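Structure file work06.csv (CSV, C-alpha atoms) is printed below.
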chain,number,residue,atom,x,y,z
V,1,MET,CA,0.0,0.0,0.0
V,2,ALA,CA,1.2,3.4,-0.9
V,3,GLU,CA,2.2,5.8,1.9
V,4,PRO,CA,-0.9,7.8,2.9
V,5,ARG,CA,-0.9,11.4,1.7
V,6,ARG,CA,-0.9,13.7,4.7
V,7,ILE,CA,-1.8,17.4,5.1
V,8,ALA,CA,-1.5,19.8,8.0
V,9,ILE,CA,-4.4,22.2,8.2
V,10,VAL,CA,-3.4,25.5,9.9
V,11,PRO,CA,-6.2,28.1,10.5
V,12,ALA,CA,-4.7,31.5,11.1
V,13,ARG,CA,-6.1,35.0,11.6
V,14,ASN,CA,-3.7,37.9,12.0
V,15,GLU,CA,-0.8,35.6,13.0
V,16,ALA,CA,1.9,37.4,11.0
V,17,GLY,CA,4.2,37.2,14.0
V,18,ALA,CA,4.0,33.4,14.2
V,19,ILE,CA,2.8,31.8,11.0
V,20,ALA,CA,6.1,31.6,9.2
V,21,GLY,CA,7.7,29.8,12.2
V,22,VAL,CA,4.7,27.4,12.4
V,23,VAL,CA,4.9,26.4,8.8
V,24,GLU,CA,8.6,26.0,8.8
V,25,GLU,CA,8.5,23.9,12.0
V,26,ILE,CA,5.9,21.6,10.4
V,27,ARG,CA,7.9,21.3,7.2
V,28,SER,CA,11.2,20.6,8.9
V,29,PHE,CA,9.5,18.0,11.1
V,30,ASP,CA,8.2,16.1,8.1
V,31,PRO,CA,9.0,17.3,4.6
V,32,LEU,CA,6.3,14.9,3.2
V,33,LEU,CA,3.6,16.6,5.3
V,34,ASP,CA,2.0,19.2,3.1
V,35,VAL,CA,0.7,22.4,4.8
V,36,VAL,CA,-2.4,24.4,3.9
V,37,VAL,CA,-2.8,27.6,5.8
V,38,VAL,CA,-6.4,28.9,5.9
V,39,ASP,CA,-6.2,32.7,6.2
V,40,ASP,CA,-9.4,33.7,8.0
V,41,GLY,CA,-9.7,37.2,6.8
V,42,SER,CA,-6.4,38.5,8.1
V,43,THR,CA,-5.6,42.2,7.8
V,44,ASP,CA,-1.9,41.7,8.2
V,45,ARG,CA,0.7,39.8,6.1
V,46,THR,CA,-0.3,36.3,7.4
V,47,ALA,CA,-1.1,34.9,3.9
V,48,ALA,CA,2.0,36.2,2.2
V,49,LEU,CA,4.3,35.0,5.0
V,50,ALA,CA,2.7,31.6,5.0
V,51,ALA,CA,3.1,31.2,1.3
V,52,ALA,CA,6.7,32.4,1.5
V,53,ALA,CA,7.4,29.7,4.1
V,54,GLY,CA,6.1,27.0,1.7
V,55,ALA,CA,2.5,26.5,2.6
V,56,ALA,CA,-0.5,26.4,0.2
V,57,VAL,CA,-2.6,29.3,1.3
V,58,VAL,CA,-6.4,29.6,1.0
V,59,ARG,CA,-7.5,33.1,1.7
V,60,LEU,CA,-11.1,33.6,2.9
V,61,PRO,CA,-12.6,36.8,1.5
V,62,TYR,CA,-13.7,37.7,5.0
V,63,ASN,CA,-13.6,36.3,8.5
V,64,LEU,CA,-15.7,33.1,8.8
V,65,GLY,CA,-14.7,32.2,12.3
V,66,ILE,CA,-12.7,29.2,13.4
V,67,GLY,CA,-15.2,26.6,12.4
V,68,GLY,CA,-15.6,28.0,8.8
V,69,ALA,CA,-11.9,28.3,8.5
V,70,VAL,CA,-11.1,24.8,9.6
V,71,GLN,CA,-13.8,23.3,7.5
V,72,THR,CA,-12.3,25.1,4.5
V,73,GLY,CA,-9.1,23.1,5.3
V,74,PHE,CA,-11.0,19.8,5.4
V,75,LYS,CA,-12.7,20.7,2.0
V,76,TYR,CA,-9.2,21.4,0.6
V,77,ALA,CA,-8.0,18.1,1.9
V,78,LEU,CA,-11.0,16.2,0.4
V,79,GLU,CA,-10.6,17.9,-3.0
V,80,HIS,CA,-6.9,17.2,-3.2
V,81,GLY,CA,-7.3,13.5,-2.1
V,82,TYR,CA,-5.5,13.5,1.2
V,83,ASP,CA,-5.9,10.4,3.4
V,84,VAL,CA,-4.9,12.0,6.7
V,85,ALA,CA,-5.3,15.5,8.0
V,86,VAL,CA,-3.7,17.0,11.1
V,87,ARG,CA,-4.8,20.3,12.6
V,88,LEU,CA,-2.4,22.8,14.2
V,89,ASP,CA,-3.2,26.3,15.3
V,90,GLY,CA,-1.6,29.2,13.5
V,91,ASP,CA,-0.3,30.8,16.7
V,92,GLY,CA,2.3,28.1,17.4
V,93,GLN,CA,0.8,26.5,20.5
V,94,HIS,CA,0.8,23.0,19.0
V,95,ASP,CA,4.2,21.3,18.7
V,96,PRO,CA,4.7,19.3,15.5
V,97,GLN,CA,7.1,17.0,17.5
V,98,GLN,CA,4.0,15.5,19.1
V,99,LEU,CA,2.4,14.6,15.8
V,100,PRO,CA,3.6,11.0,15.9
V,101,ARG,CA,1.6,10.4,19.1
V,102,LEU,CA,-1.5,11.8,17.4
V,103,LEU,CA,-1.0,9.8,14.2
V,104,ALA,CA,-0.2,6.5,15.8
V,105,PRO,CA,-3.8,5.5,16.5
V,106,LEU,CA,-4.8,6.4,13.0
V,107,GLU,CA,-2.0,4.3,11.6
V,108,ARG,CA,-2.9,1.3,13.7
V,109,GLY,CA,-6.5,1.7,12.5
V,110,ASP,CA,-7.7,2.2,16.1
V,111,ALA,CA,-9.4,5.5,15.6
V,112,ASP,CA,-10.8,7.9,13.0
V,113,VAL,CA,-10.3,11.1,15.1
V,114,VAL,CA,-7.4,11.6,17.5
V,115,ILE,CA,-7.5,14.5,20.0
V,116,GLY,CA,-4.4,15.8,21.7
V,117,SER,CA,-5.6,16.3,25.2
V,118,ARG,CA,-4.0,18.6,27.8
V,119,PHE,CA,-5.7,16.7,30.6
V,120,ALA,CA,-5.3,13.1,29.6
V,121,GLU,CA,-3.0,10.9,31.7
V,122,GLY,CA,0.6,11.9,30.9
V,123,GLY,CA,-0.3,15.3,29.4
V,124,GLY,CA,1.5,18.5,30.4
V,125,ASP,CA,0.2,20.6,33.2
V,126,TYR,CA,-2.1,23.3,31.8
V,127,ARG,CA,-2.7,26.5,33.6
V,128,ALA,CA,-5.6,28.7,32.6
V,129,PRO,CA,-7.9,31.2,34.2
V,130,PHE,CA,-10.6,29.7,36.3
V,131,ALA,CA,-13.5,30.5,33.9
V,132,ARG,CA,-11.6,28.9,31.0
V,133,ARG,CA,-10.9,25.7,33.0
V,134,ALA,CA,-14.5,25.6,34.2
V,135,GLY,CA,-15.8,25.8,30.6
V,136,ILE,CA,-13.4,23.2,29.4
V,137,ARG,CA,-14.5,20.9,32.3
V,138,TRP,CA,-18.2,21.5,31.7
V,139,PHE,CA,-17.9,20.6,28.0
V,140,ALA,CA,-15.7,17.5,28.8
V,141,ARG,CA,-18.4,16.3,31.2
V,142,LEU,CA,-21.3,17.0,28.8
V,143,VAL,CA,-19.6,15.5,25.8
V,144,SER,CA,-18.5,12.4,27.8
V,145,LEU,CA,-22.2,12.0,28.8
V,146,LEU,CA,-23.5,12.4,25.3
V,147,THR,CA,-20.9,10.1,23.6
V,148,ARG,CA,-20.8,7.6,26.5
V,149,GLN,CA,-17.0,7.8,26.3
V,150,LYS,CA,-14.6,9.5,28.7
V,151,LEU,CA,-13.2,12.6,27.0
V,152,THR,CA,-11.1,15.1,28.9
V,153,ASP,CA,-10.3,17.9,26.5
V,154,THR,CA,-13.1,18.6,24.0
V,155,THR,CA,-11.9,22.1,23.1
V,156,SER,CA,-8.5,21.0,21.9
V,157,GLY,CA,-7.8,22.0,18.3
V,158,PHE,CA,-4.7,19.7,18.2
V,159,GLN,CA,-6.2,16.8,16.2
V,160,ALA,CA,-5.5,14.2,13.6
V,161,VAL,CA,-8.2,12.6,11.4
V,162,ASN,CA,-8.5,10.0,8.7
V,163,GLY,CA,-10.3,10.1,5.4
V,164,ARG,CA,-13.7,9.1,6.8
V,165,ALA,CA,-13.6,12.0,9.2
V,166,ILE,CA,-12.3,14.4,6.5
V,167,ARG,CA,-15.4,13.5,4.4
V,168,LEU,CA,-17.7,14.1,7.4
V,169,PHE,CA,-16.1,17.4,8.4
V,170,ALA,CA,-16.0,18.6,4.8
V,171,ALA,CA,-19.8,18.0,4.6
V,172,ASP,CA,-20.6,19.4,8.0
V,173,TYR,CA,-18.6,21.2,10.6
V,174,PRO,CA,-19.8,23.4,13.6
V,175,HIS,CA,-19.1,27.1,13.9
V,176,ASP,CA,-17.9,28.3,17.3
V,177,TYR,CA,-15.8,26.1,19.5
V,178,PRO,CA,-16.3,23.5,16.7
V,179,GLU,CA,-14.3,20.8,18.4
V,180,VAL,CA,-16.9,20.3,21.1
V,181,GLU,CA,-19.8,19.7,18.8
V,182,ALA,CA,-17.6,17.8,16.3
V,183,ALA,CA,-16.7,15.3,19.0
V,184,VAL,CA,-20.4,14.4,19.4
V,185,MET,CA,-21.0,14.5,15.7
V,186,VAL,CA,-18.2,12.1,15.1
V,187,VAL,CA,-19.5,9.5,17.6
V,188,ARG,CA,-23.0,9.9,16.2
V,189,HIS,CA,-21.6,8.9,12.8
V,190,ARG,CA,-20.1,5.8,14.4
V,191,LEU,CA,-16.6,7.1,13.9
V,192,ARG,CA,-14.1,6.3,16.6
V,193,ILE,CA,-12.5,9.0,18.7
V,194,VAL,CA,-9.6,8.7,21.0
V,195,GLU,CA,-7.5,11.0,23.1
V,196,VAL,CA,-3.8,11.0,23.5
V,197,PRO,CA,-1.9,13.2,26.0
V,198,ALA,CA,-0.4,16.4,24.5
V,199,THR,CA,1.2,19.5,25.9
V,200,MET,CA,0.6,22.9,24.5
V,201,ARG,CA,2.8,25.9,24.5
V,202,GLY,CA,1.7,29.3,25.5
V,203,ARG,CA,0.8,31.7,22.7
V,204,GLU,CA,3.9,33.1,21.0
V,205,THR,CA,2.3,36.3,19.7
V,206,GLY,CA,-1.1,37.9,19.5
V,207,SER,CA,-3.8,37.3,22.0
V,208,SER,CA,-6.6,34.8,22.4
V,209,SER,CA,-9.9,36.2,21.0
V,210,ILE,CA,-12.0,35.1,23.9
V,211,THR,CA,-13.3,37.5,26.6
V,212,ALA,CA,-15.3,36.6,29.7
V,213,LEU,CA,-18.8,37.7,28.4
V,214,ARG,CA,-18.2,36.1,25.0
V,215,SER,CA,-17.1,32.9,26.8
V,216,LEU,CA,-20.5,32.8,28.6
V,217,TYR,CA,-22.4,33.4,25.4
V,218,TYR,CA,-20.4,30.7,23.6
V,219,ALA,CA,-20.9,28.3,26.5
V,220,ILE,CA,-24.7,28.7,26.3
V,221,LYS,CA,-24.7,28.5,22.5
V,222,VAL,CA,-22.5,25.4,22.3
V,223,THR,CA,-24.5,23.7,25.0
V,224,LEU,CA,-27.7,24.4,23.1
V,225,ALA,CA,-26.1,23.1,19.9
V,226,LEU,CA,-25.0,19.9,21.7
V,227,LEU,CA,-28.4,19.2,23.2
V,228,VAL,CA,-30.2,19.9,19.9
V,229,GLY,CA,-27.6,17.9,18.0
V,230,VAL,CA,-28.7,14.7,19.8
V,231,PHE,CA,-32.1,15.0,18.0
V,232,ARG,CA,-30.6,15.6,14.5
V,233,ARG,CA,-30.4,13.3,11.6
V,234,ARG,CA,-27.0,12.3,10.4
V,235,VAL,CA,-25.6,14.5,7.6
V,236,VAL,CA,-23.7,11.7,5.8
V,237,PRO,CA,-24.7,8.0,5.9
V,238,VAL,CA,-22.9,5.8,8.4
V,239,GLU,CA,-20.1,4.0,6.6
V,240,GLU,CA,-19.5,0.3,7.0
V,241,ALA,CA,-16.4,-0.1,9.2
G,1,MET,CA,-61.3,48.4,37.1
G,2,SER,CA,-62.0,48.3,40.8
G,3,ASP,CA,-61.4,44.6,41.0
G,4,GLY,CA,-58.7,44.3,38.4
G,5,ASN,CA,-55.7,43.5,40.6
G,6,GLY,CA,-55.1,39.9,39.4
G,7,THR,CA,-54.3,38.2,36.2
G,8,PRO,CA,-57.2,36.2,34.8
G,9,LEU,CA,-56.5,32.5,34.8
G,10,TYR,CA,-57.4,32.0,31.2
G,11,VAL,CA,-54.9,34.7,30.2
G,12,SER,CA,-52.2,32.9,32.1
G,13,ILE,CA,-53.1,29.6,30.5
G,14,ALA,CA,-53.2,31.0,27.0
G,15,ALA,CA,-50.0,32.9,27.4
G,16,SER,CA,-48.2,29.8,28.8
G,17,VAL,CA,-49.4,27.7,25.9
G,18,ALA,CA,-48.2,30.3,23.4
G,19,SER,CA,-44.8,30.6,25.1
G,20,ILE,CA,-44.4,26.8,25.0
G,21,LEU,CA,-45.4,26.7,21.4
G,22,LEU,CA,-42.8,29.4,20.6
G,23,ILE,CA,-40.1,27.4,22.4
G,24,LEU,CA,-41.0,24.2,20.6
G,25,VAL,CA,-41.1,25.8,17.2
G,26,VAL,CA,-37.7,27.4,17.7
G,27,PHE,CA,-36.3,24.1,18.9
G,28,GLU,CA,-37.6,22.2,15.8
G,29,LEU,CA,-36.2,24.9,13.5
G,30,ILE,CA,-32.8,24.5,15.1
G,31,ARG,CA,-33.0,20.7,14.9
G,32,SER,CA,-33.9,20.7,11.2
G,33,ARG,CA,-31.1,23.2,10.5
G,34,ARG,CA,-33.4,26.0,9.3
G,35,LEU,CA,-32.2,28.2,12.2
G,36,ARG,CA,-28.7,28.5,13.5
G,37,GLU,CA,-28.2,28.4,17.3
G,38,ARG,CA,-26.7,31.9,17.1
G,39,TYR,CA,-29.9,33.4,15.9
G,40,ALA,CA,-32.2,31.2,18.0
G,41,LEU,CA,-30.9,32.3,21.4
G,42,LEU,CA,-32.8,35.5,21.6
G,43,TRP,CA,-36.0,33.7,20.5
G,44,LEU,CA,-35.5,31.1,23.2
G,45,ALA,CA,-34.9,33.8,25.8
G,46,THR,CA,-38.1,35.5,24.7
G,47,GLY,CA,-40.0,32.2,25.1
G,48,PHE,CA,-38.6,31.4,28.5
G,49,VAL,CA,-39.1,34.8,30.0
G,50,LEU,CA,-42.7,35.0,28.7
G,51,LEU,CA,-43.3,31.4,30.0
G,52,VAL,CA,-42.0,32.3,33.5
G,53,LEU,CA,-44.2,35.5,33.6
G,54,SER,CA,-47.2,33.6,32.4
G,55,VAL,CA,-46.9,30.7,34.9
G,56,TRP,CA,-45.7,32.7,37.8
G,57,ARG,CA,-48.9,34.7,38.3
G,58,ASP,CA,-48.0,36.4,41.6
G,59,GLY,CA,-44.7,37.5,40.0
G,60,LEU,CA,-46.5,39.1,37.1
G,61,ASN,CA,-48.8,41.0,39.5
G,62,THR,CA,-45.9,42.1,41.6
G,63,ILE,CA,-43.9,43.3,38.6
G,64,ALA,CA,-47.0,45.1,37.3
G,65,GLY,CA,-47.2,46.8,40.6
G,66,TRP,CA,-43.6,48.1,40.3
G,67,PHE,CA,-44.4,49.7,37.1
G,68,GLY,CA,-47.7,51.2,38.3
G,69,VAL,CA,-49.8,48.9,36.1
G,70,THR,CA,-52.7,48.4,38.5
G,71,GLY,CA,-55.6,47.9,36.2
G,72,TYR,CA,-54.5,44.9,34.1
G,73,PRO,CA,-51.3,43.1,35.0
G,74,PRO,CA,-51.1,41.0,31.7
G,75,ALA,CA,-50.3,44.3,30.0
G,76,VAL,CA,-46.8,43.7,31.3
G,77,LEU,CA,-46.7,40.5,29.2
G,78,PHE,CA,-47.4,42.6,26.1
G,79,ALA,CA,-44.8,45.1,27.1
G,80,VAL,CA,-42.1,42.4,27.7
G,81,ALA,CA,-43.0,40.6,24.5
G,82,THR,CA,-42.8,43.9,22.6
G,83,LEU,CA,-39.4,44.7,24.1
G,84,PHE,CA,-38.0,41.3,23.1
G,85,ILE,CA,-39.4,41.6,19.6
G,86,LEU,CA,-37.7,45.0,19.3
G,87,ALA,CA,-34.4,43.4,20.4
G,88,VAL,CA,-34.7,40.6,17.9
G,89,LEU,CA,-35.5,43.0,15.1
G,90,LEU,CA,-32.6,45.2,16.0
G,91,HIS,CA,-30.3,42.2,16.2
G,92,TYR,CA,-31.5,41.1,12.7
G,93,SER,CA,-30.8,44.5,11.3
G,94,THR,CA,-27.2,44.2,12.4
G,95,VAL,CA,-27.1,40.7,10.9
G,96,ILE,CA,-28.5,41.9,7.6
G,97,SER,CA,-26.0,44.8,7.5
G,98,LYS,CA,-23.1,42.4,8.0
G,99,LEU,CA,-24.5,40.0,5.3
G,100,ALA,CA,-24.8,43.0,2.9
G,101,ASP,CA,-21.1,44.0,3.5
G,102,GLN,CA,-20.0,40.4,3.0
G,103,ASN,CA,-22.0,40.2,-0.2
G,104,VAL,CA,-20.2,43.2,-1.6
G,105,ILE,CA,-16.8,41.7,-0.7
G,106,LEU,CA,-17.8,38.4,-2.4
G,107,ALA,CA,-19.0,40.1,-5.6
G,108,GLN,CA,-15.8,42.2,-5.8
G,109,ARG,CA,-13.6,39.2,-5.1
G,110,LEU,CA,-15.4,37.1,-7.8
G,111,ALA,CA,-15.2,39.9,-10.4
G,112,LEU,CA,-11.5,40.4,-9.7
G,113,LEU,CA,-10.9,36.6,-10.0
G,114,GLU,CA,-12.9,36.5,-13.2
G,115,GLN,CA,-10.9,39.3,-14.7
G,116,ALA,CA,-7.7,37.6,-13.6
G,117,VAL,CA,-8.8,34.3,-15.2
G,118,ASP,CA,-9.8,36.0,-18.4
G,119,ALA,CA,-6.6,37.9,-18.6
G,120,SER,CA,-4.5,34.8,-18.1
G,121,GLY,CA,-6.3,33.3,-21.1
G,122,ALA,CA,-7.0,30.1,-19.1
G,123,ARG,CA,-10.6,30.4,-20.0
G,124,ALA,CA,-12.1,31.7,-23.3
G,125,ALA,CA,-15.4,32.9,-22.0
G,126,PRO,CA,-17.8,34.1,-24.6
G,127,ARG,CA,-19.5,37.3,-23.4
G,128,ALA,CA,-22.9,35.9,-24.3
G,129,ASP,CA,-22.5,33.1,-21.8
G,130,ARG,CA,-21.7,35.4,-19.0
G,131,ASP,CA,-24.7,37.6,-19.8
G,132,THR,CA,-27.1,34.6,-19.8
G,133,SER,CA,-25.7,33.2,-16.6
G,134,ARG,CA,-26.2,36.5,-14.9
G,135,THR,CA,-29.8,37.0,-16.0
G,136,ALA,CA,-30.6,33.3,-15.3
G,137,GLY,CA,-29.3,33.5,-11.8

Any chance you could give the structure as structure tokens?
Amino acid sequence: MAEPRRIAIVPARNEAGAIAGVVEEIRSFDPLLDVVVVDDGSTDRTAALAAAAGAAVVRLPYNLGIGGAVQTGFKYALEHGYDVAVRLDGDGQHDPQQLPRLLAPLERGDADVVIGSRFAEGGGDYRAPFARRAGIRWFARLVSLLTRQKLTDTTSGFQAVNGRAIRLFAADYPHDYPEVEAAVMVVRHRLRIVEVPATMRGRETGSSSITALRSLYYAIKVTLALLVGVFRRRVVPVEEA
Amino acid sequence: MSDGNGTPLYVSIAASVASILLILVVFELIRSRRLRERYALLWLATGFVLLVLSVWRDGLNTIAGWFGVTGYPPAVLFAVATLFILAVLLHYSTVISKLADQNVILAQRLALLEQAVDASGARAAPRADRDTSRTAG
């Protein structure tokens, strides 16, 4: 069997300070890993710097938000026939050195979606403001309940997925905090999701776009989406395993 | 007017049923993907607040008292419903404005792309085709 074609999807918005380093780090880690940067309506030189560093760049005409940007990456992966996609954030918080751990379950055929978890056994210690940790824990509990599977970090964007999940996400992907809803969607489509421990670095540049009031709004919105999602029809038919 | 201090039971029942219907309809619209969660939250808040005010009759009477509505407490229900409808409309006005801005950006980006494709000679597009596709759309 031929070596699977792999792509790294990197959503980025106004990450001119970090994006070149992120792309170079991925490419030096594995030259066979293609990189597509989805520029989510940046007003700085993110797109130009990413292209100069050797990434394919998809520029969105305006800001779609993280879900729309990441889904664009999955559509790119589907259209270009990739077998495996990994997701790393454009701010440099995800370390390509940890990719082998994320890819291993896919290679063994044990999972369709692998999440790099900050809280799984063996992951690095993660310090965050109380509200952030409370939100992460709330969603971990709720998603674990809905999927009947213990998940510790449902907001992690550090993920690796195979072709089946690429097809699902290209067809349907949630909008804000997409990872939380996506985890439930994945299980509902009878795809297998596993967590592996991962450590994340602090942001190198820029600032996280989340403020307290917005967090509360997103928490309510995503909770509603999760609960309604349980009653939804599947968007793509369940594939035979 | 002299004896109009309470909320008639039938008004409470009718208002409760209407609020529950609103919540159920909004829920079904989200489930069938005709309404995004983002735009449903205000409607759900409307439904829940109206439901609480309809069921909790003493509460409605008390709140009516605060605002000096002594004759007919259910008037507060109308006032609250009107306020929420105004909020939803205002919210939608901002949403439409954003969509209009994005539509302009999309049209400009498409036109520039079309020009670039034409100029590169990669596509020999007869003008007639373009005109038909535009009127057909």

Which neighbours of range 102-117 of chain V fall inside 6 Å, counting all atoms listed in the file, when residues of the same chain fewer than 3 positions from it are skipped, and could you give them as an mmCIF file with C-alpha atoms, keeping the file's coordinate frame?
data_model
loop_
_atom_site.group_PDB
_atom_site.id
_atom_site.type_symbol
_atom_site.label_atom_id
_atom_site.label_comp_id
_atom_site.auth_asym_id
_atom_site.auth_seq_id
_atom_site.Cartn_x
_atom_site.Cartn_y
_atom_site.Cartn_z
ATOM 1 C CA LEU V 99 2.400 14.600 15.800
ATOM 2 C CA ALA V 120 -5.300 13.100 29.600
ATOM 3 C CA ASP V 153 -10.300 17.900 26.500
ATOM 4 C CA PHE V 158 -4.700 19.700 18.200
ATOM 5 C CA GLN V 159 -6.200 16.800 16.200
ATOM 6 C CA ALA V 160 -5.500 14.200 13.600
ATOM 7 C CA VAL V 161 -8.200 12.600 11.400
ATOM 8 C CA ASN V 162 -8.500 10.000 8.700
ATOM 9 C CA LEU V 191 -16.600 7.100 13.900
ATOM 10 C CA ARG V 192 -14.100 6.300 16.600
ATOM 11 C CA ILE V 193 -12.500 9.000 18.700
ATOM 12 C CA VAL V 194 -9.600 8.700 21.000
ATOM 13 C CA GLU V 195 -7.500 11.000 23.100
ATOM 14 C CA VAL V 196 -3.800 11.000 23.500
ATOM 15 C CA PRO V 197 -1.900 13.200 26.000
ATOM 16 C CA ALA V 198 -0.400 16.400 24.500
#

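Within 10 Å of chain V, and counting all atoms listed in the file, chain G contributes G:Phe27, G:Glu28, G:Ile30, G:Arg31, G:Ser32, G:Arg33, G:Arg36, G:Glu37, G:Arg38, G:Tyr39, G:Ala40, G:Leu41, G:Asp101, G:Gln102, G:Ile105, G:Leu106, G:Gln108, G:Arg109, G:Leu110.
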
Query - Interatomic distance (Å, one decimal) between CA of Thr43 in chain V and CA of Val10 in chain V - result: 17.0 Å

Requested in this report: Would you please work out which residue, of V:Ala2, V:Ile166, V:Leu78, V:Val35, is nearest to Ala56 in chain V when using only C-alpha atoms?
Outcome: V:Val35

Query raised in the report: Near Pro31 in chain V, counting all atoms listed in the file, which residues have an atom at most 12 Å away, once you skip same-chain residues fewer than 6 positions from it, shown as a list in words?
Result: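 My reading of the contact set: Arg5, Arg6, Ile7, Ala8, Val23, Glu24, Glu25, Gly54, Ala55 and Pro96 of chain V.
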
Output file for the residues above (C-alpha atoms, as an mmCIF file, keeping the file's coordinate frame):
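Writing done, so here's out33.cif:
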data_model
loop_
_atom_site.group_PDB
_atom_site.id
_atom_site.type_symbol
_atom_site.label_atom_id
_atom_site.label_comp_id
_atom_site.auth_asym_id
_atom_site.auth_seq_id
_atom_site.Cartn_x
_atom_site.Cartn_y
_atom_site.Cartn_z
ATOM 1 C CA ARG V 5 -0.900 11.400 1.700
ATOM 2 C CA ARG V 6 -0.900 13.700 4.700
ATOM 3 C CA ILE V 7 -1.800 17.400 5.100
ATOM 4 C CA ALA V 8 -1.500 19.800 8.000
ATOM 5 C CA VAL V 23 4.900 26.400 8.800
ATOM 6 C CA GLU V 24 8.600 26.000 8.800
ATOM 7 C CA GLU V 25 8.500 23.900 12.000
ATOM 8 C CA GLY V 54 6.100 27.000 1.700
ATOM 9 C CA ALA V 55 2.500 26.500 2.600
ATOM 10 C CA PRO V 96 4.700 19.300 15.500
#

Query raised in the report: So which residues are close to (-28.1, 39.3, 13.3), meaning at most 12 Å away in the file's coordinates with only C-alpha atoms counted, and can you show them as a ChimeraX atom specification?
Result: /G:35-42,87-100
